[in-house]
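So this one's coords10.pdb, PDB, C-alpha atoms (C1' of nucleotides):
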ATOM      1  CA  MET A   1     -53.358  91.026  64.578
ATOM      2  CA  GLU A   2     -52.835  87.284  64.663
ATOM      3  CA  THR A   3     -50.591  86.981  61.699
ATOM      4  CA  THR A   4     -47.539  85.564  63.430
ATOM      5  CA  VAL A   5     -49.130  83.033  65.792
ATOM      6  CA  ARG A   6     -51.446  81.548  63.282
ATOM      7  CA  LYS A   7     -51.196  77.907  64.236
ATOM      8  CA  ARG A   8     -48.034  77.484  66.242
ATOM      9  CA  ARG A   9     -45.620  75.542  64.169
ATOM     10  CA  PRO A  10     -42.100  74.498  65.077
ATOM     11  CA  VAL A  11     -39.237  76.252  63.322
ATOM     12  CA  ASN A  12     -38.592  73.351  61.003
ATOM     13  CA  ALA A  13     -42.106  73.437  59.647
ATOM     14  CA  GLU A  14     -40.848  73.219  56.102
ATOM     15  CA  GLN A  15     -39.342  69.842  56.761
ATOM     16  CA  GLU A  16     -42.648  68.243  57.580
ATOM     17  CA  CYS A  17     -44.986  69.992  55.210
ATOM     18  CA  CYS A  18     -43.716  68.819  51.860
ATOM     19  CA  PRO A  19     -41.027  66.724  50.307
ATOM     20  CA  ALA A  20     -38.190  67.984  48.171
ATOM     21  CA  ALA A  21     -39.678  67.593  44.753
ATOM     22  CA  LEU A  22     -36.557  67.181  42.677
ATOM     23  CA  ALA A  23     -34.908  64.439  44.704
ATOM     24  CA  THR A  24     -37.169  61.779  43.270
ATOM     25  CA  PRO A  25     -39.046  61.396  39.962
ATOM     26  CA  LEU A  26     -42.180  63.500  40.064
ATOM     27  CA  ALA A  27     -45.541  61.893  39.464
ATOM     28  CA  GLU A  28     -47.512  63.530  36.700
ATOM     29  CA  THR A  29     -50.250  64.826  38.992
ATOM     30  CA  ARG A  30     -47.813  66.392  41.424
ATOM     31  CA  ALA A  31     -45.792  67.861  38.589
ATOM     32  CA  THR A  32     -48.936  69.455  37.216
ATOM     33  CA  ALA A  33     -49.843  70.932  40.577
ATOM     34  CA  LEU A  34     -46.352  72.278  41.130
ATOM     35  CA  ALA A  35     -46.264  73.719  37.630
ATOM     36  CA  SER A  36     -49.497  75.587  38.330
ATOM     37  CA  ASP A  37     -47.931  77.127  41.408
ATOM     38  CA  PHE A  38     -44.836  78.233  39.540
ATOM     39  CA  ALA A  39     -47.002  79.598  36.747
ATOM     40  CA  VAL A  40     -48.500  81.984  39.281
ATOM     41  CA  LEU A  41     -45.003  83.235  40.032
ATOM     42  CA  ALA A  42     -44.098  83.452  36.360
ATOM     43  CA  ASP A  43     -45.322  86.990  35.925
ATOM     44  CA  PRO A  44     -43.400  90.157  36.808
ATOM     45  CA  VAL A  45     -46.511  92.003  37.957
ATOM     46  CA  ARG A  46     -47.426  89.260  40.398
ATOM     47  CA  LEU A  47     -43.872  89.024  41.712
ATOM     48  CA  ARG A  48     -43.838  92.750  42.288
ATOM     49  CA  LEU A  49     -47.233  92.518  43.964
ATOM     50  CA  LEU A  50     -45.923  89.832  46.287
ATOM     51  CA  SER A  51     -42.831  91.834  47.117
ATOM     52  CA  LEU A  52     -44.830  95.010  47.683
ATOM     53  CA  ILE A  53     -47.248  93.244  50.009
ATOM     54  CA  ALA A  54     -44.557  91.335  51.869
ATOM     55  CA  SER A  55     -42.449  94.418  52.398
ATOM     56  CA  ALA A  56     -45.331  96.673  53.420
ATOM     57  CA  PRO A  57     -45.174  98.234  56.902
ATOM     58  CA  ASP A  58     -47.531  95.792  58.662
ATOM     59  CA  GLY A  59     -47.028  92.908  56.267
ATOM     60  CA  GLU A  60     -50.201  93.822  54.457
ATOM     61  CA  ALA A  61     -51.267  96.309  51.829
ATOM     62  CA  CYS A  62     -54.536  97.518  50.384
ATOM     63  CA  VAL A  63     -55.196  97.451  46.670
ATOM     64  CA  CYS A  64     -55.259 101.217  46.479
ATOM     65  CA  GLU A  65     -51.599 101.306  47.467
ATOM     66  CA  LEU A  66     -50.614  98.794  44.804
ATOM     67  CA  VAL A  67     -52.114 100.136  41.599
ATOM     68  CA  GLU A  68     -49.957 103.202  41.179
ATOM     69  CA  PRO A  69     -46.465 101.732  41.773
ATOM     70  CA  LEU A  70     -47.210  98.910  39.352
ATOM     71  CA  GLY A  71     -48.197 101.123  36.472
ATOM     72  CA  ARG A  72     -51.077  98.856  35.520
ATOM     73  CA  SER A  73     -54.789  99.522  35.453
ATOM     74  CA  GLN A  74     -56.845  98.776  38.559
ATOM     75  CA  PRO A  75     -58.690  95.828  36.951
ATOM     76  CA  THR A  76     -55.386  94.327  35.891
ATOM     77  CA  VAL A  77     -54.022  94.554  39.423
ATOM     78  CA  SER A  78     -57.240  93.085  40.767
ATOM     79  CA  HIS A  79     -56.935  90.253  38.277
ATOM     80  CA  HIS A  80     -53.421  89.387  39.438
ATOM     81  CA  LEU A  81     -54.367  89.603  43.103
ATOM     82  CA  LYS A  82     -57.130  87.128  42.450
ATOM     83  CA  ILE A  83     -54.724  84.698  40.831
ATOM     84  CA  LEU A  84     -52.293  85.001  43.730
ATOM     85  CA  ALA A  85     -55.119  84.505  46.221
ATOM     86  CA  GLU A  86     -56.571  81.489  44.425
ATOM     87  CA  ALA A  87     -53.127  79.921  44.528
ATOM     88  CA  GLY A  88     -53.074  80.518  48.264
ATOM     89  CA  LEU A  89     -49.984  82.698  48.101
ATOM     90  CA  ILE A  90     -51.777  85.706  49.549
ATOM     91  CA  GLU A  91     -55.031  86.195  51.371
ATOM     92  CA  GLY A  92     -57.289  89.211  51.423
ATOM     93  CA  GLU A  93     -59.512  90.659  54.100
ATOM     94  CA  LYS A  94     -62.136  93.295  53.516
ATOM     95  CA  ARG A  95     -62.182  96.094  56.036
ATOM     96  CA  GLY A  96     -64.608  98.846  55.224
ATOM     97  CA  ARG A  97     -64.222  99.916  51.656
ATOM     98  CA  TRP A  98     -60.706  98.548  51.436
ATOM     99  CA  VAL A  99     -59.335  95.053  50.960
ATOM    100  CA  TRP A 100     -56.046  94.231  52.655
ATOM    101  CA  TYR A 101     -53.790  91.513  51.344
ATOM    102  CA  ARG A 102     -50.994  89.691  53.140
ATOM    103  CA  PRO A 103     -48.653  86.909  52.050
ATOM    104  CA  VAL A 104     -49.116  83.302  53.157
ATOM    105  CA  ALA A 105     -45.640  82.389  54.333
ATOM    106  CA  ARG A 106     -46.370  78.678  54.608
ATOM    107  CA  ARG A 107     -47.198  78.394  50.930
ATOM    108  CA  LEU A 108     -44.095  80.252  49.873
ATOM    109  CA  ALA A 109     -41.976  77.962  52.033
ATOM    110  CA  GLU A 110     -43.684  75.005  50.409
ATOM    111  CA  LEU A 111     -42.608  76.146  46.966
ATOM    112  CA  ARG A 112     -39.124  76.913  48.180
ATOM    113  CA  ARG A 113     -38.808  73.364  49.461
ATOM    114  CA  ALA A 114     -39.919  71.984  46.136
ATOM    115  CA  LEU A 115     -36.672  73.110  44.556
ATOM    116  CA  ASP A 116     -34.478  70.975  46.805
TER     117      ASP A 116
ATOM    118  CA  MET B   1     -16.076  63.502  35.968
ATOM    119  CA  GLU B   2     -15.654  66.982  37.398
ATOM    120  CA  THR B   3     -19.207  67.572  38.372
ATOM    121  CA  THR B   4     -18.765  67.963  42.107
ATOM    122  CA  VAL B   5     -15.646  70.117  42.276
ATOM    123  CA  ARG B   6     -16.617  72.541  39.644
ATOM    124  CA  LYS B   7     -15.475  75.773  41.178
ATOM    125  CA  ARG B   8     -15.071  75.190  44.905
ATOM    126  CA  ARG B   9     -17.680  77.170  46.723
ATOM    127  CA  PRO B  10     -18.290  77.407  50.455
ATOM    128  CA  VAL B  11     -21.369  75.692  51.861
ATOM    129  CA  ASN B  12     -23.258  78.910  52.352
ATOM    130  CA  ALA B  13     -23.008  79.827  48.717
ATOM    131  CA  GLU B  14     -26.692  80.687  48.580
ATOM    132  CA  GLN B  15     -26.247  83.455  51.098
ATOM    133  CA  GLU B  16     -23.845  85.340  48.919
ATOM    134  CA  CYS B  17     -25.244  84.705  45.491
ATOM    135  CA  CYS B  18     -28.572  86.482  45.571
ATOM    136  CA  PRO B  19     -30.818  88.466  47.827
ATOM    137  CA  ALA B  20     -34.206  87.395  49.112
ATOM    138  CA  ALA B  21     -36.465  88.830  46.468
ATOM    139  CA  LEU B  22     -39.682  89.237  48.422
ATOM    140  CA  ALA B  23     -38.260  91.129  51.390
ATOM    141  CA  THR B  24     -38.050  94.369  49.466
ATOM    142  CA  PRO B  25     -40.023  95.835  46.536
ATOM    143  CA  LEU B  26     -38.799  94.272  43.321
ATOM    144  CA  ALA B  27     -37.518  96.475  40.550
ATOM    145  CA  GLU B  28     -39.256  95.883  37.251
ATOM    146  CA  THR B  29     -36.191  94.498  35.501
ATOM    147  CA  ARG B  30     -35.425  92.029  38.273
ATOM    148  CA  ALA B  31     -39.059  91.008  38.472
ATOM    149  CA  THR B  32     -39.053  90.303  34.764
ATOM    150  CA  ALA B  33     -35.915  88.188  35.011
ATOM    151  CA  LEU B  34     -37.254  86.225  37.961
ATOM    152  CA  ALA B  35     -40.569  85.703  36.218
ATOM    153  CA  SER B  36     -38.747  84.242  33.227
ATOM    154  CA  ASP B  37     -37.022  81.762  35.493
ATOM    155  CA  PHE B  38     -40.245  80.697  37.132
ATOM    156  CA  ALA B  39     -41.889  80.414  33.740
ATOM    157  CA  VAL B  40     -39.360  77.729  32.910
ATOM    158  CA  LEU B  41     -40.513  75.800  35.967
ATOM    159  CA  ALA B  42     -44.166  76.375  35.157
ATOM    160  CA  ASP B  43     -44.510  73.271  33.027
ATOM    161  CA  PRO B  44     -45.120  69.741  34.296
ATOM    162  CA  VAL B  45     -42.958  68.151  31.610
ATOM    163  CA  ARG B  46     -39.983  70.329  32.526
ATOM    164  CA  LEU B  47     -40.453  69.690  36.231
ATOM    165  CA  ARG B  48     -40.524  65.971  35.588
ATOM    166  CA  LEU B  49     -37.450  66.282  33.380
ATOM    167  CA  LEU B  50     -35.627  68.096  36.179
ATOM    168  CA  SER B  51     -36.636  65.499  38.729
ATOM    169  CA  LEU B  52     -35.702  62.634  36.436
ATOM    170  CA  ILE B  53     -32.290  64.113  35.747
ATOM    171  CA  ALA B  54     -31.621  65.082  39.356
ATOM    172  CA  SER B  55     -32.586  61.670  40.652
ATOM    173  CA  ALA B  56     -30.698  59.707  38.004
ATOM    174  CA  PRO B  57     -27.960  57.334  39.220
ATOM    175  CA  ASP B  58     -24.972  59.581  38.498
ATOM    176  CA  GLY B  59     -26.850  62.852  38.647
ATOM    177  CA  GLU B  60     -27.128  62.905  34.895
ATOM    178  CA  ALA B  61     -29.307  61.335  32.248
ATOM    179  CA  CYS B  62     -29.213  61.028  28.488
ATOM    180  CA  VAL B  63     -32.136  62.105  26.363
ATOM    181  CA  CYS B  64     -32.845  58.565  25.291
ATOM    182  CA  GLU B  65     -33.698  57.677  28.876
ATOM    183  CA  LEU B  66     -36.096  60.581  29.248
ATOM    184  CA  VAL B  67     -38.404  60.307  26.264
ATOM    185  CA  GLU B  68     -40.237  57.154  27.209
ATOM    186  CA  PRO B  69     -41.109  57.885  30.878
ATOM    187  CA  LEU B  70     -42.460  61.309  29.912
ATOM    188  CA  GLY B  71     -44.849  60.042  27.273
ATOM    189  CA  ARG B  72     -43.967  62.874  24.920
ATOM    190  CA  SER B  73     -42.399  62.826  21.485
ATOM    191  CA  GLN B  74     -38.623  63.076  21.196
ATOM    192  CA  PRO B  75     -38.729  66.576  19.636
ATOM    193  CA  THR B  76     -40.981  67.783  22.439
ATOM    194  CA  VAL B  77     -38.573  66.480  25.060
ATOM    195  CA  SER B  78     -35.679  68.033  23.188
ATOM    196  CA  HIS B  79     -37.554  71.316  23.087
ATOM    197  CA  HIS B  80     -38.052  71.345  26.847
ATOM    198  CA  LEU B  81     -34.460  70.380  27.525
ATOM    199  CA  LYS B  82     -33.372  73.329  25.451
ATOM    200  CA  ILE B  83     -35.539  75.691  27.467
ATOM    201  CA  LEU B  84     -34.177  74.306  30.731
ATOM    202  CA  ALA B  85     -30.621  74.596  29.444
ATOM    203  CA  GLU B  86     -31.059  78.147  28.156
ATOM    204  CA  ALA B  87     -32.328  79.115  31.592
ATOM    205  CA  GLY B  88     -29.175  77.598  33.052
ATOM    206  CA  LEU B  89     -31.077  75.090  35.147
ATOM    207  CA  ILE B  90     -29.446  72.131  33.446
ATOM    208  CA  GLU B  91     -26.418  71.690  31.248
ATOM    209  CA  GLY B  92     -25.768  69.138  28.568
ATOM    210  CA  GLU B  93     -22.643  67.419  27.389
ATOM    211  CA  LYS B  94     -22.345  65.447  24.204
ATOM    212  CA  ARG B  95     -20.553  62.138  24.531
ATOM    213  CA  GLY B  96     -20.559  60.077  21.402
ATOM    214  CA  ARG B  97     -24.009  59.900  19.953
ATOM    215  CA  TRP B  98     -25.651  60.731  23.269
ATOM    216  CA  VAL B  99     -26.160  63.966  25.126
ATOM    217  CA  TRP B 100     -26.067  63.849  28.907
ATOM    218  CA  TYR B 101     -27.829  66.433  31.012
ATOM    219  CA  ARG B 102     -27.273  67.295  34.667
ATOM    220  CA  PRO B 103     -28.877  69.882  36.951
ATOM    221  CA  VAL B 104     -27.138  73.126  37.873
ATOM    222  CA  ALA B 105     -27.600  73.199  41.638
ATOM    223  CA  ARG B 106     -26.441  76.780  42.029
ATOM    224  CA  ARG B 107     -29.235  78.091  39.832
ATOM    225  CA  LEU B 108     -31.880  76.099  41.635
ATOM    226  CA  ALA B 109     -30.625  77.442  44.951
ATOM    227  CA  GLU B 110     -30.794  80.926  43.518
ATOM    228  CA  LEU B 111     -34.482  80.528  42.732
ATOM    229  CA  ARG B 112     -35.149  78.979  46.116
ATOM    230  CA  ARG B 113     -33.617  82.004  47.771
ATOM    231  CA  ALA B 114     -35.802  84.308  45.756
ATOM    232  CA  LEU B 115     -38.865  83.132  47.656
ATOM    233  CA  ASP B 116     -37.585  84.286  51.039
TER     234      ASP B 116
ATOM    235  C1'  DT C   1     -81.526 108.440  50.577
ATOM    236  C1'  DC C   2     -78.070 109.598  47.267
ATOM    237  C1'  DC C   3     -73.552 110.041  45.610
ATOM    238  C1'  DA C   4     -68.636 109.132  45.592
ATOM    239  C1'  DT C   5     -65.228 105.709  45.757
ATOM    240  C1'  DA C   6     -62.723 100.956  46.376
ATOM    241  C1'  DG C   7     -62.663  96.868  44.250
ATOM    242  C1'  DA C   8     -64.384  92.979  41.294
ATOM    243  C1'  DT C   9     -66.317  91.137  36.999
ATOM    244  C1'  DA C  10     -67.178  90.735  31.895
ATOM    245  C1'  DG C  11     -65.736  90.526  27.404
ATOM    246  C1'  DA C  12     -62.495  91.381  23.578
ATOM    247  C1'  DC C  13     -58.047  91.336  21.650
ATOM    248  C1'  DT C  14     -53.329  89.942  21.119
ATOM    249  C1'  DG C  15     -49.060  87.573  21.802
ATOM    250  C1'  DG C  16     -46.804  83.676  23.511
ATOM    251  C1'  DT C  17     -46.221  78.599  24.348
ATOM    252  C1'  DG C  18     -46.699  73.389  24.169
ATOM    253  C1'  DT C  19     -47.357  69.909  21.002
ATOM    254  C1'  DC C  20     -46.990  67.462  16.876
ATOM    255  C1'  DT C  21     -44.920  65.691  12.161
ATOM    256  C1'  DA C  22     -41.357  66.172   8.921
ATOM    257  C1'  DT C  23     -36.788  67.060   8.226
ATOM    258  C1'  DT C  24     -31.900  67.875   9.099
ATOM    259  C1'  DC C  25     -27.523  67.186  11.524
ATOM    260  C1'  DA C  26     -24.016  64.347  13.749
ATOM    261  C1'  DT C  27     -21.809  60.216  15.122
ATOM    262  C1'  DC C  28     -20.566  55.467  14.937
ATOM    263  C1'  DA C  29     -20.528  50.580  12.814
ATOM    264  C1'  DG C  30     -19.582  47.846   8.980
TER     265       DG C  30
ATOM    266  C1'  DC D   1     -18.448  55.497   2.066
ATOM    267  C1'  DT D   2     -22.915  54.260   3.518
ATOM    268  C1'  DG D   3     -26.632  53.238   6.413
ATOM    269  C1'  DA D   4     -28.527  53.447  11.057
ATOM    270  C1'  DT D   5     -29.520  55.942  15.115
ATOM    271  C1'  DG D   6     -29.549  59.795  18.787
ATOM    272  C1'  DA D   7     -30.745  64.433  18.993
ATOM    273  C1'  DA D   8     -31.883  69.133  17.277
ATOM    274  C1'  DT D   9     -34.440  72.227  14.163
ATOM    275  C1'  DA D  10     -38.395  74.005  11.367
ATOM    276  C1'  DG D  11     -42.939  75.035  10.732
ATOM    277  C1'  DA D  12     -47.899  74.651  11.766
ATOM    278  C1'  DC D  13     -51.664  74.719  14.852
ATOM    279  C1'  DA D  14     -54.446  75.207  18.962
ATOM    280  C1'  DC D  15     -54.937  77.056  23.322
ATOM    281  C1'  DC D  16     -53.938  79.906  27.207
ATOM    282  C1'  DA D  17     -52.784  84.208  29.628
ATOM    283  C1'  DG D  18     -52.088  89.387  30.249
ATOM    284  C1'  DT D  19     -54.026  93.654  29.236
ATOM    285  C1'  DC D  20     -57.412  96.942  28.370
ATOM    286  C1'  DT D  21     -62.204  99.508  28.597
ATOM    287  C1'  DA D  22     -66.733  99.304  30.239
ATOM    288  C1'  DT D  23     -69.620  97.975  33.747
ATOM    289  C1'  DC D  24     -71.250  96.225  38.119
ATOM    290  C1'  DT D  25     -71.195  95.755  43.327
ATOM    291  C1'  DA D  26     -70.556  97.347  47.926
ATOM    292  C1'  DT D  27     -69.461 100.485  51.482
ATOM    293  C1'  DG D  28     -69.464 104.917  53.917
ATOM    294  C1'  DG D  29     -70.262 110.019  54.182
ATOM    295  C1'  DA D  30     -73.367 113.879  53.747
TER     296       DA D  30
END
I'd like the structure from this file rewritten - as structure tokens, please.
Amino acid sequence: METTVRKRRPVNAEQECCPAALATPLAETRATALASDFAVLADPVRLRLLSLIASAPDGEACVCELVEPLGRSQPTVSHHLKILAEAGLIEGEKRGRWVWYRPVARRLAELRRALD
Amino acid sequence: METTVRKRRPVNAEQECCPAALATPLAETRATALASDFAVLADPVRLRLLSLIASAPDGEACVCELVEPLGRSQPTVSHHLKILAEAGLIEGEKRGRWVWYRPVARRLAELRRALD
DNA sequence: TCCATAGATAGACTGGTGTCTATTCATCAG
DNA sequence: CTGATGAATAGACACCAGTCTATCTATGGA
């Protein structure tokens, strides 16, 4: 598994990747992009999905493990996973009949930085 | 102005105020609350309002200064300010005919922490 | 080859949200 | 007291987003 040594970044990666968004007036385009990212997080099901995936044993979880604890239908869960993936907050990998999702730490750090 | 010495907190206030939300499976109630907070940030006008207020000379701005740069009607701006204030992300103070808004840093830090 | 199963897609329905105009409320100047 | 102005509220409208059921696609076992 190459999850941890993906690209070899220094510890202060967040400092170089993206500016603190609130320290200076946001341009409309950047505000729109940021808002789209936060909109992805603005749903309890997706937040729980993220937390379930991030806290899974190997840092990844298959869809079959996610449907039941969420209490939503399988298509609904699939729908939310797609939204998270399109936002780059998770990424999926198909292995056999199962798809395994894992969080994209860099993107989460990016959003965290935006609130500085 | 008592903005800076509001309650006297140590520097590591974020460590004690709220757990990292993604490190453990989120309970439904907490997920719902967090989602509501992110929903407030999921709008470009509100993000620009936050950035305008946070980057204003004295860390505060009156409504009259915000309407024009946003290109939205005064009631629309007022509407968004209300949403930000109800979420506790900003707070307003009426002085004379004007209302001055400033960011609530503690709340922003809280949300930042939630993405750990 | 055929069936069972994991997951994605399609389409419909409903509730919520951003925006506006019109109006009201509050504060100060004269 | 009265008029002007900064800000909030009310109500209407259009659009988007979350959920479901039904269906389709793909993979592996027998």
| request: Up to 9 Å from chain A, what residues of chain B turn up? Count only C-alpha atoms and give them as a PyMOL selection string. | output: chain B and resi 21-56+70+105+108-109+111-116
| Distance criterion (only C-alpha atoms (C1' of nucleotides)): nearest to DG28 of chain D out of A:Lys82, A:Gly71, A:Tyr101, A:Gly96 | A:Gly96
| message | Show me the residues close to (-60.1, 95.2, 23.6) - anything with an atom within 7 Å, counting all atoms listed in the file - and format the list as a ChimeraX atom specification. | response | /C:12-13 /D:20-21
| Close residues, Val104 of chain A itself excluded, 8 Å, only C-alpha atoms (C1' of nucleotides), min 3 positions apart in chain, as a VMD selection string | chain A and resid 88 to 91 107 to 108
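Atom C1' of DA4 of chain C is found 16.3 Å from atom C1' of DT23 of chain D.
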| task | Check what the PyMOL selection byres ((chain B) within 10 of (chain C)) selects in the file above and give those residues as number ranges by chain. | result | B: 43, 45, 72-73, 75-76, 79-80, 95-98
Fit chain A to chain B, all Cα atoms paired in order, least squares. Then write it as a tab-separated table (two decimals) with C-alpha atoms, in the frame of the given file.
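Output file part-v3.tsv is given in full below:
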chain	number	residue	atom	x	y	z
A	1	MET	CA	-16.30	63.60	36.73
A	2	GLU	CA	-15.89	67.08	38.14
A	3	THR	CA	-19.46	67.75	38.98
A	4	THR	CA	-19.09	68.21	42.72
A	5	VAL	CA	-15.91	70.30	42.90
A	6	ARG	CA	-16.85	72.69	40.21
A	7	LYS	CA	-15.57	75.91	41.70
A	8	ARG	CA	-15.16	75.34	45.41
A	9	ARG	CA	-17.77	77.33	47.16
A	10	PRO	CA	-18.40	77.57	50.89
A	11	VAL	CA	-21.50	75.88	52.26
A	12	ASN	CA	-23.38	79.13	52.60
A	13	ALA	CA	-23.01	79.91	48.93
A	14	GLU	CA	-26.66	80.80	48.65
A	15	GLN	CA	-26.25	83.64	51.07
A	16	GLU	CA	-23.80	85.48	48.88
A	17	CYS	CA	-25.10	84.74	45.43
A	18	CYS	CA	-28.44	86.48	45.48
A	19	PRO	CA	-30.70	88.46	47.72
A	20	ALA	CA	-34.04	87.34	49.04
A	21	ALA	CA	-36.32	88.77	46.44
A	22	LEU	CA	-39.49	89.19	48.44
A	23	ALA	CA	-38.03	91.07	51.39
A	24	THR	CA	-37.87	94.32	49.47
A	25	PRO	CA	-39.88	95.78	46.56
A	26	LEU	CA	-38.70	94.22	43.33
A	27	ALA	CA	-37.48	96.42	40.52
A	28	GLU	CA	-39.27	95.83	37.26
A	29	THR	CA	-36.22	94.45	35.47
A	30	ARG	CA	-35.42	91.98	38.22
A	31	ALA	CA	-39.04	90.96	38.48
A	32	THR	CA	-39.08	90.25	34.77
A	33	ALA	CA	-35.94	88.15	34.98
A	34	LEU	CA	-37.23	86.20	37.94
A	35	ALA	CA	-40.57	85.66	36.25
A	36	SER	CA	-38.78	84.19	33.23
A	37	ASP	CA	-37.01	81.73	35.48
A	38	PHE	CA	-40.22	80.65	37.17
A	39	ALA	CA	-41.91	80.36	33.80
A	40	VAL	CA	-39.37	77.68	32.93
A	41	LEU	CA	-40.47	75.76	36.00
A	42	ALA	CA	-44.14	76.31	35.25
A	43	ASP	CA	-44.51	73.22	33.13
A	44	PRO	CA	-45.08	69.68	34.41
A	45	VAL	CA	-42.95	68.11	31.69
A	46	ARG	CA	-39.98	70.28	32.54
A	47	LEU	CA	-40.38	69.64	36.27
A	48	ARG	CA	-40.46	65.92	35.62
A	49	LEU	CA	-37.42	66.26	33.37
A	50	LEU	CA	-35.56	68.06	36.12
A	51	SER	CA	-36.52	65.47	38.69
A	52	LEU	CA	-35.61	62.60	36.39
A	53	ILE	CA	-32.20	64.09	35.64
A	54	ALA	CA	-31.48	65.05	39.23
A	55	SER	CA	-32.44	61.65	40.55
A	56	ALA	CA	-30.58	59.68	37.87
A	57	PRO	CA	-27.83	57.31	39.05
A	58	ASP	CA	-24.85	59.58	38.28
A	59	GLY	CA	-26.74	62.85	38.46
A	60	GLU	CA	-27.05	62.90	34.71
A	61	ALA	CA	-29.26	61.33	32.09
A	62	CYS	CA	-29.25	61.02	28.33
A	63	VAL	CA	-32.21	62.10	26.25
A	64	CYS	CA	-32.93	58.55	25.20
A	65	GLU	CA	-33.71	57.66	28.80
A	66	LEU	CA	-36.12	60.56	29.20
A	67	VAL	CA	-38.47	60.29	26.25
A	68	GLU	CA	-40.28	57.13	27.22
A	69	PRO	CA	-41.10	57.85	30.90
A	70	LEU	CA	-42.47	61.26	29.95
A	71	GLY	CA	-44.89	60.00	27.37
A	72	ARG	CA	-44.09	62.84	25.00
A	73	SER	CA	-42.59	62.79	21.54
A	74	GLN	CA	-38.81	63.06	21.18
A	75	PRO	CA	-38.95	66.56	19.62
A	76	THR	CA	-41.14	67.75	22.47
A	77	VAL	CA	-38.68	66.46	25.05
A	78	SER	CA	-35.83	68.03	23.12
A	79	HIS	CA	-37.72	71.30	23.07
A	80	HIS	CA	-38.15	71.31	26.85
A	81	LEU	CA	-34.53	70.35	27.45
A	82	LYS	CA	-33.49	73.31	25.36
A	83	ILE	CA	-35.62	75.66	27.41
A	84	LEU	CA	-34.21	74.29	30.66
A	85	ALA	CA	-30.67	74.59	29.31
A	86	GLU	CA	-31.14	78.14	28.04
A	87	ALA	CA	-32.36	79.09	31.49
A	88	GLY	CA	-29.18	77.60	32.91
A	89	LEU	CA	-31.05	75.07	35.03
A	90	ILE	CA	-29.43	72.12	33.31
A	91	GLU	CA	-26.43	71.70	31.07
A	92	GLY	CA	-25.83	69.15	28.36
A	93	GLU	CA	-22.70	67.45	27.14
A	94	LYS	CA	-22.43	65.47	23.95
A	95	ARG	CA	-20.62	62.18	24.25
A	96	GLY	CA	-20.67	60.12	21.11
A	97	ARG	CA	-24.14	59.90	19.74
A	98	TRP	CA	-25.71	60.73	23.08
A	99	VAL	CA	-26.21	63.98	24.94
A	100	TRP	CA	-26.07	63.85	28.73
A	101	TYR	CA	-27.83	66.43	30.85
A	102	ARG	CA	-27.22	67.30	34.48
A	103	PRO	CA	-28.81	69.87	36.78
A	104	VAL	CA	-27.08	73.13	37.71
A	105	ALA	CA	-27.47	73.18	41.47
A	106	ARG	CA	-26.33	76.78	41.85
A	107	ARG	CA	-29.15	78.08	39.69
A	108	LEU	CA	-31.76	76.08	41.54
A	109	ALA	CA	-30.46	77.42	44.84
A	110	GLU	CA	-30.67	80.91	43.40
A	111	LEU	CA	-34.36	80.49	42.67
A	112	ARG	CA	-34.98	78.93	46.04
A	113	ARG	CA	-33.45	81.96	47.71
A	114	ALA	CA	-35.67	84.27	45.71
A	115	LEU	CA	-38.69	83.08	47.65
A	116	ASP	CA	-37.37	84.24	51.02
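If you look at atom CA of Gly92 of chain B and atom C1' of DA12 of chain D, they are 28.3 Å away from each other.
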With all atoms of segment 13-23 of chain C from the file as input, state the centre and edge lengths in Å to one decimal of the axis-aligned box that has 3 Å extra on each side, as AutoDock Vina command-line options.
--center_x -47.4 --center_y 78.5 --center_z 16.3 --size_x 27.3 --size_y 31.6 --size_z 22.1
Quick check: residues of chain D within 8 Å of chain B, all atoms listed in the file, returned as an mmCIF file with C-alpha atoms (C1' of nucleotides), in the coordinates of the input.
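In the end it all went to iface.cif:
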data_model
loop_
_atom_site.group_PDB
_atom_site.id
_atom_site.type_symbol
_atom_site.label_atom_id
_atom_site.label_comp_id
_atom_site.auth_asym_id
_atom_site.auth_seq_id
_atom_site.Cartn_x
_atom_site.Cartn_y
_atom_site.Cartn_z
ATOM 1 C "C1'" DG D 6 -29.549 59.795 18.787
ATOM 2 C "C1'" DA D 7 -30.745 64.433 18.993
ATOM 3 C "C1'" DA D 8 -31.883 69.133 17.277
#
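For the pair atom C1' of DA14 of chain D and atom CA of Ile83 of chain B, the interatomic distance is 20.7 Å.
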